[in-house]
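Enquirer: As input, take query.cif (mmCIF, N, CA and C atoms):
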data_target
#
loop_
_atom_site.label_atom_id
_atom_site.label_comp_id
_atom_site.auth_asym_id
_atom_site.auth_seq_id
_atom_site.Cartn_x
_atom_site.Cartn_y
_atom_site.Cartn_z
N MET I 6 86.53 76.39 101.41
CA MET I 6 85.50 76.79 100.51
C MET I 6 86.12 77.71 99.47
N LEU I 7 85.75 77.53 98.25
CA LEU I 7 86.22 78.40 97.18
C LEU I 7 85.05 79.21 96.66
N SER I 8 85.32 80.45 96.29
CA SER I 8 84.27 81.33 95.80
C SER I 8 84.90 82.38 94.90
N SER I 9 84.11 82.90 94.00
CA SER I 9 84.57 84.04 93.21
C SER I 9 84.47 85.28 94.10
N ASP I 10 85.08 86.37 93.68
CA ASP I 10 85.08 87.56 94.52
C ASP I 10 83.68 88.14 94.72
N ASP I 11 82.76 87.88 93.80
CA ASP I 11 81.41 88.41 94.00
C ASP I 11 80.63 87.60 95.03
N GLY I 12 81.16 86.45 95.47
CA GLY I 12 80.50 85.64 96.48
C GLY I 12 80.98 85.94 97.89
N VAL I 13 81.85 86.91 98.05
CA VAL I 13 82.39 87.27 99.36
C VAL I 13 81.64 88.47 99.91
N ASP I 14 81.20 88.36 101.16
CA ASP I 14 80.48 89.49 101.75
C ASP I 14 81.42 90.34 102.60
N ASP I 15 80.92 91.45 103.07
CA ASP I 15 81.73 92.39 103.85
C ASP I 15 81.99 91.93 105.28
N LYS I 16 81.32 90.88 105.72
CA LYS I 16 81.45 90.41 107.10
C LYS I 16 82.70 89.56 107.31
N HIS I 17 83.27 89.05 106.22
CA HIS I 17 84.41 88.14 106.33
C HIS I 17 85.58 88.61 105.47
N VAL I 18 86.76 88.43 105.99
CA VAL I 18 87.96 88.76 105.24
C VAL I 18 88.39 87.51 104.47
N PRO I 19 88.41 87.56 103.15
CA PRO I 19 88.75 86.37 102.38
C PRO I 19 90.26 86.09 102.38
N ALA I 20 90.59 84.85 102.15
CA ALA I 20 91.97 84.44 101.91
C ALA I 20 92.02 83.99 100.46
N TRP I 21 92.77 84.70 99.64
CA TRP I 21 92.81 84.41 98.21
C TRP I 21 93.93 83.44 97.89
N ILE I 22 93.67 82.51 97.00
CA ILE I 22 94.69 81.58 96.53
C ILE I 22 95.37 82.25 95.34
N SER I 23 96.66 82.49 95.47
CA SER I 23 97.37 83.18 94.40
C SER I 23 98.48 82.33 93.79
N GLY I 24 98.63 81.11 94.26
CA GLY I 24 99.60 80.20 93.68
C GLY I 24 99.19 78.77 93.97
N LEU I 25 99.33 77.91 92.99
CA LEU I 25 98.90 76.52 93.12
C LEU I 25 99.76 75.66 92.21
N SER I 26 100.22 74.52 92.71
CA SER I 26 101.04 73.64 91.88
C SER I 26 101.00 72.23 92.42
N MET I 27 101.43 71.31 91.62
CA MET I 27 101.60 69.93 92.07
C MET I 27 102.81 69.33 91.36
N ALA I 28 103.38 68.32 91.97
CA ALA I 28 104.52 67.62 91.38
C ALA I 28 104.49 66.19 91.89
N GLY I 29 105.11 65.31 91.18
CA GLY I 29 105.15 63.92 91.60
C GLY I 29 106.56 63.37 91.48
N GLU I 30 106.75 62.21 92.06
CA GLU I 30 108.04 61.57 91.94
C GLU I 30 107.83 60.09 91.66
N THR I 31 108.87 59.42 91.29
CA THR I 31 108.76 58.01 90.93
C THR I 31 108.22 57.19 92.09
N TYR I 32 107.40 56.23 91.76
CA TYR I 32 106.84 55.35 92.77
C TYR I 32 107.88 54.36 93.28
N TYR I 33 108.76 53.91 92.39
CA TYR I 33 109.78 52.92 92.74
C TYR I 33 110.88 53.59 93.55
N ILE I 34 110.96 53.23 94.82
CA ILE I 34 111.91 53.90 95.72
C ILE I 34 113.37 53.65 95.31
N GLY I 35 113.63 52.57 94.59
CA GLY I 35 114.98 52.31 94.12
C GLY I 35 115.51 53.38 93.19
N ASP I 36 114.60 54.10 92.54
CA ASP I 36 115.00 55.20 91.66
C ASP I 36 115.38 56.45 92.44
N ARG I 37 115.14 56.45 93.76
CA ARG I 37 115.40 57.65 94.56
C ARG I 37 116.44 57.41 95.66
N LEU I 38 117.28 56.42 95.50
CA LEU I 38 118.24 56.10 96.55
C LEU I 38 119.42 57.06 96.61
N GLN I 39 119.71 57.74 95.53
CA GLN I 39 120.80 58.71 95.53
C GLN I 39 120.30 60.05 96.05
N THR I 40 121.13 60.76 96.75
CA THR I 40 120.76 62.10 97.20
C THR I 40 120.62 63.01 95.99
N SER I 41 119.54 63.79 95.96
CA SER I 41 119.27 64.65 94.80
C SER I 41 120.14 65.91 94.83
N GLU I 42 120.04 66.69 93.76
CA GLU I 42 120.79 67.95 93.69
C GLU I 42 120.39 68.91 94.80
N ARG I 43 119.15 68.82 95.26
CA ARG I 43 118.67 69.68 96.35
C ARG I 43 119.14 69.20 97.72
N GLY I 44 119.68 67.98 97.77
CA GLY I 44 120.10 67.41 99.04
C GLY I 44 119.06 66.50 99.66
N TYR I 45 118.00 66.22 98.93
CA TYR I 45 116.94 65.35 99.43
C TYR I 45 117.29 63.89 99.20
N ASP I 46 116.87 63.02 100.13
CA ASP I 46 117.01 61.59 99.91
C ASP I 46 115.62 60.98 99.76
N TYR I 47 115.55 59.67 99.66
CA TYR I 47 114.27 59.02 99.36
C TYR I 47 113.20 59.25 100.42
N GLY I 48 113.58 59.60 101.62
CA GLY I 48 112.61 59.82 102.68
C GLY I 48 112.06 61.23 102.75
N ASP I 49 112.64 62.14 102.00
CA ASP I 49 112.20 63.54 102.04
C ASP I 49 111.09 63.80 101.03
N ALA I 50 110.47 64.93 101.14
CA ALA I 50 109.33 65.29 100.28
C ALA I 50 109.77 66.23 99.15
N GLU I 51 110.65 65.74 98.29
CA GLU I 51 111.18 66.61 97.23
C GLU I 51 110.11 67.07 96.25
N ALA I 52 109.15 66.22 95.92
CA ALA I 52 108.08 66.63 95.01
C ALA I 52 107.29 67.80 95.60
N LEU I 53 107.08 67.78 96.91
CA LEU I 53 106.40 68.90 97.56
C LEU I 53 107.25 70.15 97.46
N ALA I 54 108.56 70.03 97.59
CA ALA I 54 109.45 71.19 97.47
C ALA I 54 109.35 71.80 96.08
N VAL I 55 109.28 70.96 95.06
CA VAL I 55 109.15 71.45 93.69
C VAL I 55 107.82 72.17 93.51
N ALA I 56 106.74 71.55 93.99
CA ALA I 56 105.41 72.18 93.89
C ALA I 56 105.37 73.49 94.67
N ALA I 57 105.97 73.52 95.84
CA ALA I 57 105.98 74.74 96.65
C ALA I 57 106.73 75.87 95.93
N GLU I 58 107.87 75.56 95.36
CA GLU I 58 108.64 76.58 94.63
C GLU I 58 107.81 77.18 93.50
N ARG I 59 107.09 76.33 92.77
CA ARG I 59 106.25 76.81 91.66
C ARG I 59 105.11 77.68 92.17
N ALA I 60 104.43 77.21 93.21
CA ALA I 60 103.30 77.97 93.77
C ALA I 60 103.78 79.29 94.37
N TYR I 61 104.92 79.26 95.06
CA TYR I 61 105.47 80.49 95.63
C TYR I 61 105.80 81.49 94.52
N ALA I 62 106.35 81.01 93.42
CA ALA I 62 106.68 81.90 92.30
C ALA I 62 105.42 82.57 91.76
N MET I 63 104.34 81.80 91.63
CA MET I 63 103.07 82.37 91.16
C MET I 63 102.55 83.43 92.12
N ALA I 64 102.71 83.18 93.40
CA ALA I 64 102.17 84.07 94.43
C ALA I 64 103.13 85.20 94.80
N GLY I 65 104.34 85.20 94.25
CA GLY I 65 105.30 86.24 94.58
C GLY I 65 105.95 86.05 95.94
N ILE I 66 105.93 84.83 96.45
CA ILE I 66 106.53 84.54 97.75
C ILE I 66 108.01 84.21 97.54
N THR I 67 108.87 84.97 98.17
CA THR I 67 110.31 84.75 98.06
C THR I 67 110.92 84.24 99.35
N ASP I 68 110.23 84.45 100.47
CA ASP I 68 110.71 83.98 101.77
C ASP I 68 109.51 83.45 102.56
N PRO I 69 109.19 82.16 102.39
CA PRO I 69 107.99 81.63 103.03
C PRO I 69 108.00 81.75 104.55
N ARG I 70 109.16 81.78 105.16
CA ARG I 70 109.23 81.87 106.62
C ARG I 70 108.72 83.21 107.14
N THR I 71 108.79 84.24 106.32
CA THR I 71 108.31 85.55 106.76
C THR I 71 107.04 85.98 106.05
N GLN I 72 106.68 85.32 104.95
CA GLN I 72 105.54 85.76 104.16
C GLN I 72 104.31 84.87 104.30
N ILE I 73 104.42 83.77 105.03
CA ILE I 73 103.28 82.88 105.22
C ILE I 73 102.86 82.94 106.68
N ASP I 74 101.57 83.12 106.90
CA ASP I 74 101.04 83.27 108.26
C ASP I 74 100.69 81.95 108.93
N ALA I 75 100.21 80.98 108.17
CA ALA I 75 99.81 79.68 108.71
C ALA I 75 99.86 78.66 107.58
N VAL I 76 100.01 77.39 107.95
CA VAL I 76 100.12 76.33 106.96
C VAL I 76 99.16 75.19 107.31
N GLU I 77 98.44 74.73 106.31
CA GLU I 77 97.64 73.51 106.45
C GLU I 77 98.16 72.53 105.42
N SER I 78 98.73 71.44 105.89
CA SER I 78 99.35 70.46 105.02
C SER I 78 98.94 69.06 105.47
N TYR I 79 98.59 68.20 104.54
CA TYR I 79 98.21 66.84 104.88
C TYR I 79 99.44 66.06 105.34
N ALA I 80 99.32 65.45 106.49
CA ALA I 80 100.39 64.61 107.02
C ALA I 80 99.75 63.38 107.64
N SER I 81 99.90 62.25 106.99
CA SER I 81 99.27 61.02 107.46
C SER I 81 99.96 60.43 108.70
N PHE I 82 101.22 60.77 108.90
CA PHE I 82 101.98 60.30 110.04
C PHE I 82 102.84 61.46 110.56
N THR I 83 103.20 61.42 111.83
CA THR I 83 103.97 62.51 112.43
C THR I 83 105.24 62.87 111.65
N PRO I 84 106.07 61.92 111.21
CA PRO I 84 107.28 62.31 110.48
C PRO I 84 106.99 63.10 109.20
N VAL I 85 105.82 62.89 108.62
CA VAL I 85 105.47 63.61 107.39
C VAL I 85 105.37 65.11 107.66
N GLU I 86 104.91 65.49 108.84
CA GLU I 86 104.85 66.91 109.20
C GLU I 86 106.24 67.54 109.11
N ILE I 87 107.22 66.81 109.59
CA ILE I 87 108.60 67.31 109.59
C ILE I 87 109.11 67.48 108.16
N HIS I 88 108.91 66.45 107.35
CA HIS I 88 109.35 66.53 105.95
C HIS I 88 108.61 67.64 105.21
N ASN I 89 107.32 67.79 105.46
CA ASN I 89 106.54 68.82 104.78
C ASN I 89 107.01 70.22 105.16
N ALA I 90 107.25 70.46 106.43
CA ALA I 90 107.72 71.79 106.86
C ALA I 90 109.03 72.14 106.18
N GLU I 91 109.92 71.16 106.05
CA GLU I 91 111.20 71.41 105.39
C GLU I 91 111.01 71.62 103.89
N ALA I 92 110.19 70.78 103.26
CA ALA I 92 109.97 70.90 101.82
C ALA I 92 109.27 72.20 101.46
N LEU I 93 108.45 72.71 102.35
CA LEU I 93 107.75 73.97 102.10
C LEU I 93 108.64 75.19 102.37
N GLY I 94 109.88 74.95 102.75
CA GLY I 94 110.81 76.05 102.97
C GLY I 94 110.63 76.76 104.29
N LEU I 95 109.94 76.11 105.23
CA LEU I 95 109.71 76.73 106.53
C LEU I 95 110.80 76.38 107.53
N ALA I 96 111.66 75.45 107.15
CA ALA I 96 112.81 75.04 107.96
C ALA I 96 113.84 74.43 107.03
N ASP I 97 115.10 74.53 107.40
CA ASP I 97 116.16 73.90 106.63
C ASP I 97 116.07 72.38 106.79
N LEU I 98 116.61 71.64 105.82
CA LEU I 98 116.61 70.19 105.92
C LEU I 98 117.25 69.75 107.23
N GLY I 99 116.56 68.87 107.92
CA GLY I 99 117.10 68.33 109.17
C GLY I 99 116.83 69.17 110.40
N THR I 100 116.10 70.28 110.27
CA THR I 100 115.90 71.16 111.44
C THR I 100 114.45 71.28 111.90
N ALA I 101 113.50 70.77 111.15
CA ALA I 101 112.09 70.96 111.51
C ALA I 101 111.68 70.20 112.78
N GLY I 102 112.26 69.01 112.99
CA GLY I 102 111.91 68.23 114.18
C GLY I 102 112.08 69.03 115.47
N PRO I 103 113.27 69.58 115.71
CA PRO I 103 113.45 70.39 116.92
C PRO I 103 112.54 71.62 116.96
N LEU I 104 112.26 72.21 115.79
CA LEU I 104 111.37 73.38 115.77
C LEU I 104 109.96 72.99 116.21
N PHE I 105 109.48 71.81 115.79
CA PHE I 105 108.18 71.33 116.27
C PHE I 105 108.22 71.15 117.77
N GLU I 106 109.29 70.55 118.29
CA GLU I 106 109.42 70.32 119.73
C GLU I 106 109.46 71.63 120.52
N GLN I 107 110.05 72.67 119.95
CA GLN I 107 110.16 73.97 120.62
C GLN I 107 108.88 74.80 120.53
N GLY I 108 107.89 74.34 119.74
CA GLY I 108 106.63 75.07 119.63
C GLY I 108 106.59 76.08 118.50
N TYR I 109 107.61 76.08 117.66
CA TYR I 109 107.68 77.04 116.55
C TYR I 109 106.47 76.92 115.63
N PHE I 110 105.97 75.69 115.46
CA PHE I 110 104.84 75.45 114.56
C PHE I 110 103.52 75.25 115.30
N ASP I 111 103.48 75.53 116.60
CA ASP I 111 102.23 75.44 117.37
C ASP I 111 101.26 76.53 116.92
N LEU I 112 100.00 76.40 117.30
CA LEU I 112 99.00 77.41 116.91
C LEU I 112 99.39 78.81 117.36
N ASP I 113 100.09 78.93 118.49
CA ASP I 113 100.53 80.24 118.96
C ASP I 113 102.02 80.48 118.67
N GLY I 114 102.60 79.66 117.80
CA GLY I 114 104.01 79.79 117.45
C GLY I 114 104.23 80.76 116.30
N GLU I 115 105.44 80.76 115.78
CA GLU I 115 105.82 81.66 114.68
C GLU I 115 105.02 81.39 113.41
N ILE I 116 104.90 80.12 113.03
CA ILE I 116 104.15 79.72 111.84
C ILE I 116 103.25 78.56 112.23
N PRO I 117 101.99 78.83 112.57
CA PRO I 117 101.08 77.73 112.91
C PRO I 117 101.00 76.73 111.76
N PHE I 118 101.16 75.46 112.09
CA PHE I 118 101.22 74.39 111.10
C PHE I 118 100.24 73.32 111.55
N THR I 119 99.34 72.92 110.65
CA THR I 119 98.35 71.90 110.98
C THR I 119 99.04 70.68 111.53
N ARG I 120 98.56 70.22 112.66
CA ARG I 120 99.15 69.03 113.30
C ARG I 120 98.27 67.83 113.07
N ARG I 121 98.90 66.69 112.96
CA ARG I 121 98.20 65.42 112.82
C ARG I 121 97.37 65.20 114.08
N ALA I 122 96.18 64.66 113.93
CA ALA I 122 95.33 64.37 115.08
C ALA I 122 96.02 63.35 115.97
N GLU I 123 96.08 63.64 117.23
CA GLU I 123 96.74 62.73 118.19
C GLU I 123 95.80 61.61 118.57
#
How would this structure read if it were set down as structure tokens?
Expert:
Amino acid sequence: MLSSDDGVDDKHVPAWISGLSMAGETYYIGDRLQTSERGYDYGDAEALAVAAERAYAMAGITDPRTQIDAVESYASFTPVEIHNAEALGLADLGTAGPLFEQGYFDLDGEIPFTRRAE
């Protein structure tokens, strides 16, 4: 739910949106077969990484692993959760899978991350 500050009552602590961005990438996967300057390949979520960097800059976030309390991210399939966590800067490329398995992104983990419905 979105509201202006005059629509918030004293009974609830609001969560303010202080950074927002979007980015896209080419639809034709043949244009993404080379590894990018960031180290991303065609299966990674590089556009999300670009959008995250922009939104973080707006919000003053310099270290998302320590400055973000919880994450809600759309993931249509389980592997997308892994790519999203890495693109959002919550894990290094290639490391989010084991972190999910270890519970790092569980509701009671270090950074709760929305999970795909089982």
Enquirer: Run the PyMOL selection byres ((chain I and resi 86-103) around 8) mentally over the shown coordinates, then write out the matched residues as a PyMOL selection string, using the chain letters and numbers from the document.
Expert: chain I and resi 44+48-58+68-71+78-85+104-110+119-121
Enquirer: Per DSSP on the backbone, filter segment 23-100 of chain I down to the residues in helix (DSSP H, G or I) and report them as an NGL selection string.
Expert: :I and (34-37 or 51-64 or 69-72 or 83-92)
Enquirer: Which of these residues is nearest to Asp74 of chain I, using only N, CA and C atoms: I:Asp46, I:Asp15, I:Glu115, I:Asp36?
Expert: I:Glu115
Enquirer: For atom CA of Gly29 of chain I and atom CA of Ile66 of chain I, determine how far apart the two atoms are, in Å to one decimal place.
Expert: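 Separation between atom CA of Gly29 of chain I and atom CA of Ile66 of chain I: 21.6 Å.
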Enquirer: In Å, how far is it from atom CA of Phe118 of chain I to atom CA of Arg59 of chain I?
Expert: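 We find that atom CA of Phe118 of chain I and atom CA of Arg59 of chain I lie 20.2 Å from each other.
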Enquirer: Between I:Ser41, I:Val76, I:Leu25, I:Ile34, which is the closest to Ala62 of chain I once you count only N, CA and C atoms?
Expert: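 Using only N, CA and C atoms, Ala62 of chain I sits closest to I:Leu25.
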Enquirer: Determine the nearest neighbour of Tyr61 of chain I from the options I:Pro19, I:Gly12, I:Gly24, I:Gly114, counting all atoms listed in the file.
Expert: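 Comparing I:Pro19, I:Gly12, I:Gly24, I:Gly114 against Tyr61 of chain I, the winner is I:Gly24.
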Enquirer: Could you please determine the separation between atom CA of Ile22 of chain I and atom CA of Thr67 of chain I in Å, to one decimal place?
Expert: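 Atom CA of Thr67 of chain I lies 16.0 Å from atom CA of Ile22 of chain I.
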Enquirer: As an mmCIF file, in the coordinates of the input, please: segment 53-73 of chain I completed to N, CA, C and O atoms.
Expert:
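Heads up, here's the output in result-v9.cif:
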data_model
loop_
_atom_site.group_PDB
_atom_site.id
_atom_site.type_symbol
_atom_site.label_atom_id
_atom_site.label_comp_id
_atom_site.auth_asym_id
_atom_site.auth_seq_id
_atom_site.Cartn_x
_atom_site.Cartn_y
_atom_site.Cartn_z
ATOM 1 N N LEU I 53 107.080 67.780 96.910
ATOM 2 C CA LEU I 53 106.400 68.900 97.560
ATOM 3 C C LEU I 53 107.250 70.150 97.460
ATOM 4 O O LEU I 53 106.728 71.245 97.244
ATOM 5 N N ALA I 54 108.560 70.030 97.590
ATOM 6 C CA ALA I 54 109.450 71.190 97.470
ATOM 7 C C ALA I 54 109.350 71.800 96.080
ATOM 8 O O ALA I 54 109.296 73.032 95.930
ATOM 9 N N VAL I 55 109.280 70.960 95.060
ATOM 10 C CA VAL I 55 109.150 71.450 93.690
ATOM 11 C C VAL I 55 107.820 72.170 93.510
ATOM 12 O O VAL I 55 107.751 73.280 92.971
ATOM 13 N N ALA I 56 106.740 71.550 93.990
ATOM 14 C CA ALA I 56 105.410 72.180 93.890
ATOM 15 C C ALA I 56 105.370 73.490 94.670
ATOM 16 O O ALA I 56 104.805 74.485 94.195
ATOM 17 N N ALA I 57 105.970 73.520 95.840
ATOM 18 C CA ALA I 57 105.980 74.740 96.650
ATOM 19 C C ALA I 57 106.730 75.870 95.930
ATOM 20 O O ALA I 57 106.251 77.007 95.900
ATOM 21 N N GLU I 58 107.870 75.560 95.360
ATOM 22 C CA GLU I 58 108.640 76.580 94.630
ATOM 23 C C GLU I 58 107.810 77.180 93.500
ATOM 24 O O GLU I 58 107.821 78.389 93.285
ATOM 25 N N ARG I 59 107.090 76.330 92.770
ATOM 26 C CA ARG I 59 106.250 76.810 91.660
ATOM 27 C C ARG I 59 105.110 77.680 92.170
ATOM 28 O O ARG I 59 104.823 78.746 91.621
ATOM 29 N N ALA I 60 104.430 77.210 93.210
ATOM 30 C CA ALA I 60 103.300 77.970 93.770
ATOM 31 C C ALA I 60 103.780 79.290 94.370
ATOM 32 O O ALA I 60 103.142 80.330 94.193
ATOM 33 N N TYR I 61 104.920 79.260 95.060
ATOM 34 C CA TYR I 61 105.470 80.490 95.630
ATOM 35 C C TYR I 61 105.800 81.490 94.520
ATOM 36 O O TYR I 61 105.576 82.690 94.681
ATOM 37 N N ALA I 62 106.350 81.010 93.420
ATOM 38 C CA ALA I 62 106.680 81.900 92.300
ATOM 39 C C ALA I 62 105.420 82.570 91.760
ATOM 40 O O ALA I 62 105.414 83.767 91.491
ATOM 41 N N MET I 63 104.340 81.800 91.630
ATOM 42 C CA MET I 63 103.070 82.370 91.160
ATOM 43 C C MET I 63 102.550 83.430 92.120
ATOM 44 O O MET I 63 101.993 84.443 91.691
ATOM 45 N N ALA I 64 102.710 83.180 93.400
ATOM 46 C CA ALA I 64 102.170 84.070 94.430
ATOM 47 C C ALA I 64 103.130 85.200 94.800
ATOM 48 O O ALA I 64 102.776 86.071 95.592
ATOM 49 N N GLY I 65 104.340 85.200 94.250
ATOM 50 C CA GLY I 65 105.300 86.240 94.580
ATOM 51 C C GLY I 65 105.950 86.050 95.940
ATOM 52 O O GLY I 65 106.472 86.984 96.531
ATOM 53 N N ILE I 66 105.930 84.830 96.450
ATOM 54 C CA ILE I 66 106.530 84.540 97.750
ATOM 55 C C ILE I 66 108.010 84.210 97.540
ATOM 56 O O ILE I 66 108.344 83.286 96.800
ATOM 57 N N THR I 67 108.870 84.970 98.170
ATOM 58 C CA THR I 67 110.310 84.750 98.060
ATOM 59 C C THR I 67 110.920 84.240 99.350
ATOM 60 O O THR I 67 112.013 83.688 99.350
ATOM 61 N N ASP I 68 110.230 84.450 100.470
ATOM 62 C CA ASP I 68 110.710 83.980 101.770
ATOM 63 C C ASP I 68 109.510 83.450 102.560
ATOM 64 O O ASP I 68 108.878 84.186 103.311
ATOM 65 N N PRO I 69 109.190 82.160 102.390
ATOM 66 C CA PRO I 69 107.990 81.630 103.030
ATOM 67 C C PRO I 69 108.000 81.750 104.550
ATOM 68 O O PRO I 69 106.944 81.867 105.169
ATOM 69 N N ARG I 70 109.160 81.780 105.160
ATOM 70 C CA ARG I 70 109.230 81.870 106.620
ATOM 71 C C ARG I 70 108.720 83.210 107.140
ATOM 72 O O ARG I 70 108.261 83.303 108.270
ATOM 73 N N THR I 71 108.790 84.240 106.320
ATOM 74 C CA THR I 71 108.310 85.550 106.760
ATOM 75 C C THR I 71 107.040 85.980 106.050
ATOM 76 O O THR I 71 106.372 86.908 106.492
ATOM 77 N N GLN I 72 106.680 85.320 104.950
ATOM 78 C CA GLN I 72 105.540 85.760 104.160
ATOM 79 C C GLN I 72 104.310 84.870 104.300
ATOM 80 O O GLN I 72 103.271 85.189 103.742
ATOM 81 N N ILE I 73 104.420 83.770 105.030
ATOM 82 C CA ILE I 73 103.280 82.880 105.220
ATOM 83 C C ILE I 73 102.860 82.940 106.680
ATOM 84 O O ILE I 73 103.694 82.823 107.584
#
